[in-house]
>>> print(open('input_2.txt').read())   # compact mmCIF, C-alpha atoms
# COMPACT_ATOMS: atom_id res chain seq x y z
CA MET M 12 108.62 79.40 128.01
CA LYS M 13 110.10 79.79 124.54
CA LEU M 14 108.54 82.24 122.13
CA LYS M 15 108.01 79.58 119.46
CA ASP M 16 105.86 77.68 121.96
CA GLN M 17 103.64 80.73 122.45
CA VAL M 18 102.76 81.27 118.80
CA CYS M 19 101.49 79.06 116.01
CA SER M 20 104.04 77.20 113.95
CA LEU M 21 105.60 78.61 110.79
CA GLU M 22 103.62 76.15 108.66
CA LEU M 23 100.29 77.14 110.17
CA SER M 24 101.25 80.80 110.00
CA LYS M 25 101.95 80.40 106.27
CA GLN M 26 98.58 78.72 105.77
CA LEU M 27 96.80 81.53 107.58
CA LYS M 28 98.60 84.10 105.45
CA GLU M 29 97.63 82.21 102.27
CA LEU M 30 94.06 82.22 103.51
CA GLU M 31 94.34 86.00 103.65
CA VAL M 32 94.21 86.44 107.39
CA LYS M 33 95.14 90.05 108.12
CA GLN M 34 98.81 90.18 109.05
CA GLU M 35 98.39 92.07 112.31
CA SER M 36 100.10 90.39 115.20
CA LEU M 37 102.42 90.94 118.09
CA PHE M 38 105.03 88.49 116.82
CA VAL M 39 106.28 87.65 113.38
CA TRP M 40 108.16 84.91 111.57
CA TYR M 41 110.88 86.59 109.53
CA PRO M 42 113.40 85.22 107.04
CA ALA M 43 116.84 84.51 108.43
CA VAL M 44 119.97 82.91 107.08
CA ASP M 45 118.99 79.46 108.31
CA GLY M 46 115.25 79.59 107.70
CA TYR M 47 112.82 81.64 109.74
CA ASN M 48 113.15 83.20 113.17
CA CYS M 49 110.38 84.43 115.42
CA GLY M 50 110.50 87.90 116.92
CA ILE M 51 108.38 90.80 118.04
CA TRP M 52 107.24 93.51 115.65
CA ASN M 53 108.69 96.97 116.09
CA GLU M 54 110.54 96.41 119.33
CA PRO M 55 113.68 98.59 119.43
CA THR M 56 116.01 95.62 119.81
CA THR M 57 114.57 93.67 116.90
CA ALA M 58 113.08 96.26 114.57
CA ASP M 59 116.25 96.53 112.56
CA ILE M 60 116.39 92.80 111.86
CA VAL M 61 112.74 92.34 111.00
CA PRO M 62 112.22 93.00 107.31
CA GLU M 63 108.65 93.78 106.33
CA VAL M 64 109.02 91.81 103.12
CA GLY M 65 108.60 88.10 103.60
CA ALA M 66 107.45 88.39 107.17
CA ILE M 67 104.58 86.21 108.32
CA SER M 68 102.37 86.91 111.33
CA ALA M 69 103.00 84.46 114.17
CA PHE M 70 99.71 84.60 116.03
CA THR M 71 99.56 84.14 119.77
CA VAL M 72 97.04 82.08 121.73
CA ALA M 73 95.17 85.26 122.65
CA GLU M 74 95.09 86.59 119.09
CA LEU M 75 93.83 83.30 117.71
CA GLY M 76 91.21 83.10 120.46
CA GLU M 77 89.93 86.49 119.38
CA MET M 78 89.69 85.45 115.73
CA LEU M 79 87.76 82.25 116.37
CA PRO M 80 84.00 82.82 116.30
CA MET M 81 82.18 82.08 119.58
CA MET M 82 79.56 80.27 117.59
CA ILE M 83 79.28 78.71 114.17
CA LYS M 84 76.14 77.45 112.49
CA ASN M 85 75.81 74.33 114.59
CA GLY M 86 78.25 74.69 117.46
CA TYR M 87 79.68 76.69 120.34
CA LEU M 88 83.38 77.34 120.75
CA GLU M 89 85.21 75.40 123.42
CA LEU M 90 88.91 75.85 124.16
CA GLY M 91 90.89 73.91 126.68
CA ASN M 92 93.17 71.13 127.71
CA ASP M 93 92.48 67.54 128.67
CA SER M 94 94.43 64.33 128.97
CA TYR M 95 95.15 64.44 125.23
CA GLY M 96 96.56 67.98 125.18
CA TRP M 97 95.26 71.37 124.06
CA PHE M 98 92.10 71.34 122.01
CA CYS M 99 89.83 73.65 120.09
CA ALA M 100 86.30 72.40 119.53
CA TYR M 101 82.80 73.34 118.53
CA ARG M 102 79.98 71.58 120.33
CA LYS M 103 76.30 71.35 119.52
CA GLU M 104 75.34 72.79 122.86
CA GLU M 105 77.15 74.36 125.75
CA ALA M 106 76.95 71.07 127.62
CA ASP M 107 79.37 71.02 130.53
CA TRP M 108 82.43 68.93 129.81
CA ASP M 109 80.39 66.59 127.65
CA THR M 110 82.21 65.10 124.72
CA LYS M 111 79.16 63.58 123.04
CA ASP M 112 78.06 66.53 121.00
CA VAL M 113 81.28 67.54 119.28
CA VAL M 114 80.82 69.13 115.87
CA GLY M 115 84.55 69.29 115.29
CA ILE M 116 87.70 69.14 117.37
CA VAL M 117 91.42 69.65 116.72
CA ARG M 118 94.27 68.99 119.10
CA ASP M 119 97.93 69.85 119.47
CA LYS M 120 100.62 69.92 122.14
CA ASN M 121 101.02 73.62 121.36
CA GLU M 122 97.96 75.63 122.40
CA ALA M 123 98.36 78.18 119.62
CA ASN M 124 98.60 75.42 117.02
CA ALA M 125 95.34 73.85 118.19
CA ARG M 126 93.58 77.19 117.69
CA ALA M 127 95.34 77.88 114.39
CA LYS M 128 94.37 74.47 113.02
CA MET M 129 90.72 75.18 113.74
CA LEU M 130 90.97 78.61 112.15
CA VAL M 131 92.55 77.12 109.02
CA TYR M 132 89.77 74.53 108.85
CA LEU M 133 87.03 77.14 109.20
CA LEU M 134 88.59 79.34 106.53
CA GLU M 135 89.36 76.54 104.09
CA HIS M 136 85.81 75.24 104.35
CA LYS M 137 84.43 78.78 104.11
CA VAL M 138 82.62 78.46 107.40
CA ILE M 139 83.89 81.95 108.22
CA ASN M 140 85.54 84.89 106.48
CA LEU M 141 88.04 87.16 108.17
CA MET T 29 95.12 93.04 119.40
CA LYS T 30 96.96 95.22 121.86
CA LEU T 31 99.74 93.81 123.99
CA GLU T 32 97.92 95.08 127.10
CA THR T 33 95.10 92.64 126.46
CA GLN T 34 97.43 89.71 125.83
CA VAL T 35 99.05 89.74 129.27
CA CYS T 36 97.54 89.93 132.74
CA ASP T 37 96.84 93.27 134.39
CA LEU T 38 99.30 94.80 136.82
CA TYR T 39 96.85 93.92 139.62
CA PHE T 40 97.08 90.19 138.91
CA ALA T 41 100.77 90.34 138.00
CA GLU T 42 101.63 91.84 141.40
CA LEU T 43 99.44 89.31 143.19
CA LEU T 44 101.22 86.47 141.40
CA LYS T 45 104.59 87.91 142.40
CA LYS T 46 103.47 88.14 146.05
CA LEU T 47 102.32 84.54 145.86
CA GLY T 48 105.81 83.50 144.86
CA VAL T 49 105.38 82.89 141.15
CA LYS T 50 108.78 82.72 139.49
CA GLN T 51 109.49 86.02 137.73
CA ASP T 52 110.36 84.35 134.48
CA SER T 53 108.29 85.75 131.63
CA TYR T 54 108.52 87.25 128.18
CA PHE T 55 107.13 90.62 129.29
CA ILE T 56 107.42 92.73 132.42
CA TYR T 57 105.82 95.82 133.92
CA VAL T 58 108.17 98.73 134.41
CA GLY T 59 107.60 102.11 136.06
CA ASN T 60 105.46 102.64 139.10
CA LYS T 61 101.85 102.02 140.09
CA ASP T 62 100.64 105.30 138.60
CA ASN T 63 102.70 105.27 135.47
CA TYR T 64 103.73 101.95 134.04
CA GLU T 65 104.25 100.18 130.75
CA ILE T 66 104.92 96.74 129.40
CA ARG T 67 108.37 95.92 128.11
CA LEU T 68 110.21 92.88 126.86
CA SER T 69 111.98 91.25 129.77
CA SER T 70 115.00 90.70 127.53
CA SER T 71 115.26 94.35 126.56
CA ILE T 72 118.78 95.67 126.90
CA HIS T 73 117.45 99.10 127.88
CA LEU T 74 115.92 97.99 131.16
CA ILE T 75 116.83 99.60 134.44
CA PRO T 76 116.38 96.88 137.07
CA ALA T 77 115.14 99.38 139.67
CA ASN T 78 112.23 100.27 137.39
CA VAL T 79 110.97 96.72 137.09
CA ILE T 80 107.73 96.19 138.99
CA CYS T 81 107.08 92.55 138.20
CA SER T 82 106.66 89.94 135.50
CA THR T 83 103.47 89.87 133.52
CA PHE T 84 102.37 86.70 131.84
CA THR T 85 100.87 85.90 128.47
CA VAL T 86 97.82 83.68 127.99
CA SER T 87 100.15 80.93 126.91
CA GLU T 88 102.49 81.27 129.90
CA LEU T 89 99.55 81.29 132.29
CA GLY T 90 98.06 78.22 130.63
CA ASN T 91 101.34 76.43 131.05
CA MET T 92 101.47 77.30 134.75
CA LEU T 93 97.88 76.20 135.32
CA LEU T 94 98.77 72.74 134.06
CA ALA T 95 100.61 72.35 137.38
CA PHE T 96 97.24 71.43 138.88
CA PRO T 97 98.24 68.23 140.68
CA TYR T 98 95.41 65.94 139.58
CA PRO T 99 94.15 64.70 136.21
CA ALA T 100 91.90 67.51 135.07
CA ASP T 101 90.16 69.19 132.19
CA TYR T 102 90.65 72.92 131.58
CA LYS T 103 88.30 75.13 129.66
CA THR T 104 88.00 78.77 128.66
CA ARG T 105 84.45 80.03 128.49
CA TRP T 106 83.14 83.31 127.12
CA TYR T 107 79.89 84.86 128.29
CA ASP T 108 77.40 87.13 126.60
CA ASN T 109 78.35 90.01 128.91
CA GLY T 110 81.87 89.96 127.46
CA GLY T 111 83.32 88.17 130.46
CA VAL T 112 85.81 85.32 130.24
CA ASP T 113 86.14 82.50 132.70
CA PHE T 114 88.72 79.76 133.08
CA GLU T 115 87.50 76.53 134.61
CA ILE T 116 89.19 73.44 135.95
CA GLN T 117 87.42 70.21 136.66
CA PHE T 118 88.71 66.83 137.72
CA SER T 119 88.77 64.48 134.75
CA ARG T 120 85.50 62.65 134.35
CA THR T 121 87.14 59.25 134.85
CA TYR T 122 88.78 60.51 138.05
CA GLN T 123 85.76 62.01 139.79
CA GLY T 124 84.55 58.72 141.27
CA LYS T 125 87.83 58.15 143.10
CA LEU T 126 88.07 61.36 145.12
CA SER T 127 89.63 61.19 148.57
CA ASP T 128 88.44 63.65 151.23
CA LYS T 129 91.24 66.10 150.41
CA ARG T 130 90.50 65.91 146.72
CA ARG T 131 86.78 66.18 147.32
CA LYS T 132 87.41 69.47 149.16
CA ILE T 133 89.38 70.76 146.20
CA TYR T 134 86.61 69.58 143.88
CA GLN T 135 84.08 71.52 145.94
CA LYS T 136 86.31 74.62 146.00
CA LEU T 137 86.61 74.54 142.22
CA LEU T 138 82.87 74.12 141.89
CA LYS T 139 82.32 77.09 144.22
CA TYR T 140 84.83 79.12 142.20
CA ARG T 141 82.87 78.39 139.02
CA ILE T 142 79.61 79.48 140.61
CA ASP T 143 81.08 82.56 142.33
CA SER T 144 82.88 83.70 139.22
CA LYS T 145 79.56 84.10 137.45
CA TYR T 146 78.61 86.79 139.97
CA ASP T 147 82.02 88.40 140.54
CA ASN T 148 83.47 91.01 138.27
CA MET T 149 84.32 88.61 135.51
CA PRO T 150 87.61 89.36 133.72
CA LYS T 151 87.29 90.68 130.19
CA THR T 152 90.45 89.10 128.84
CA GLU T 153 91.65 85.54 128.64
CA ALA T 154 94.92 86.48 130.33
CA ASN T 155 93.13 87.92 133.37
CA ALA T 156 90.74 84.96 133.56
CA ARG T 157 93.70 82.60 133.73
CA ALA T 158 95.60 84.81 136.15
CA LYS T 159 92.56 84.98 138.42
CA MET T 160 92.33 81.18 138.50
CA LEU T 161 96.07 80.87 139.16
CA VAL T 162 95.80 83.32 142.06
CA TYR T 163 92.89 81.33 143.45
CA LEU T 164 94.77 78.02 143.24
CA LEU T 165 97.85 79.52 144.90
CA GLU T 166 95.93 81.33 147.66
CA ASN T 167 94.08 78.12 148.45
CA LYS T 168 97.30 76.14 148.35
CA ILE T 169 95.91 73.82 145.69
CA ILE T 170 99.07 74.22 143.64
>>> encode(input="input_2.txt", output="structure tokens")
Amino acid sequence: MKLKDQVCSLELSKQLKELEVKQESLFVWYPAVDGYNCGIWNEPTTADIVPEVGAISAFTVAELGEMLPMMIKNGYLELGNDSYGWFCAYRKEEADWDTKDVVGIVRDKNEANARAKMLVYLLEHKVINL
Amino acid sequence: MKLETQVCDLYFAELLKKLGVKQDSYFIYVGNKDNYEIRLSSSIHLIPANVICSTFTVSELGNMLLAFPYPADYKTRWYDNGGVDFEIQFSRTYQGKLSDKRRKIYQKLLKYRIDSKYDNMPKTEANARAKMLVYLLENKII
């Protein structure tokens, strides 16, 4: 599985940085000659090519899962995959597999992107602060 | 978030290896059972003899779990005790059409969901997914 499929996209990573999400992550998008590359922070083989300046945290599925609140004012966190792809949702109650009571849901083929999209939404709408 | 909590424990990683999971991952365990660490599998400094097994990220495990052979819904659930569970359920539209074989799998997954509430529930998403993957492989569901 490619690294870029394990982290949120560059665009979403930029949005999260603009929204002042703390830049602490396992992986990072860093400037390269032809745009941005994704690599690991501080690993001996890549440390010399990862400049601190201009780097953007590329959050993993696990990191994003940890940042998303279990509960918001009117909903419980639900993360998963169904016939439409990966999703991140908040539901009114912890009803099993019930799609009726969705407060909000975002989807993406990339699991990290689905979580990042929800995080961006929550931050932009000031539902949460990080 | 520490790398250790983003990949499955050595316990699950070794089980997955024994169960024949392809050792193709971004990270690996190196060392021995008493003294081990996580390294990049692509690291040029690796000594093959020191490699214990692959360890898998939440993302890699999620990708493998999608090999479940029937239309299904997957969900991660957190509990108040800090435990994490990964659940699989036949898609709602598919449940009415279960053959005997599929009904048995359905019942196994239901039992897994109930049992997991009383077992030592994993504390990380990676271990919750690894535990489910081990269960599916041991029960020859995937």
>>> residues_around(input="input_2.txt", residues="M:Ala123", least_positions_apart="4", cutoff="10 Å", atoms="all atoms listed in the file", output="list in words")
Lys15, Asp16, Gln17, Val18, Cys19, Ser20, Leu23, Ala69, Phe70, Thr71, Val72, Ala73, Glu74, Leu75, Gly76, Trp97, Phe98, Cys99, Asp119, Ala127 and Lys128 of chain M; Ser87 of chain T
>>> residues_around(input="input_2.txt", residues="M:Glu135", least_positions_apart="5", cutoff="10 Å", atoms="only C-alpha atoms", output="list in words")
Gln26, Leu27, Leu30, Met129, Leu130 and Asn140 of chain M
>>> interface_residues(input="input_2.txt", of="chain T", to="chain M", cutoff="7 Å", atoms="all atoms listed in the file", output="ChimeraX atom specification")
/T:29,34,71,86-88,100-105,153
>>> residues_around(input="input_2.txt", residues="T:Gln51", least_positions_apart="4", cutoff="12 Å", atoms="all atoms listed in the file", output="count of residues only")
19
>>> atom_distance(input="input_2.txt", atom1="atom CA of T:Ile133", atom2="atom CA of M:Tyr101")
28.6 Å
>>> atom_distance(input="input_2.txt", atom1="atom CA of T:Glu32", atom2="atom CA of M:Leu79")
19.6 Å
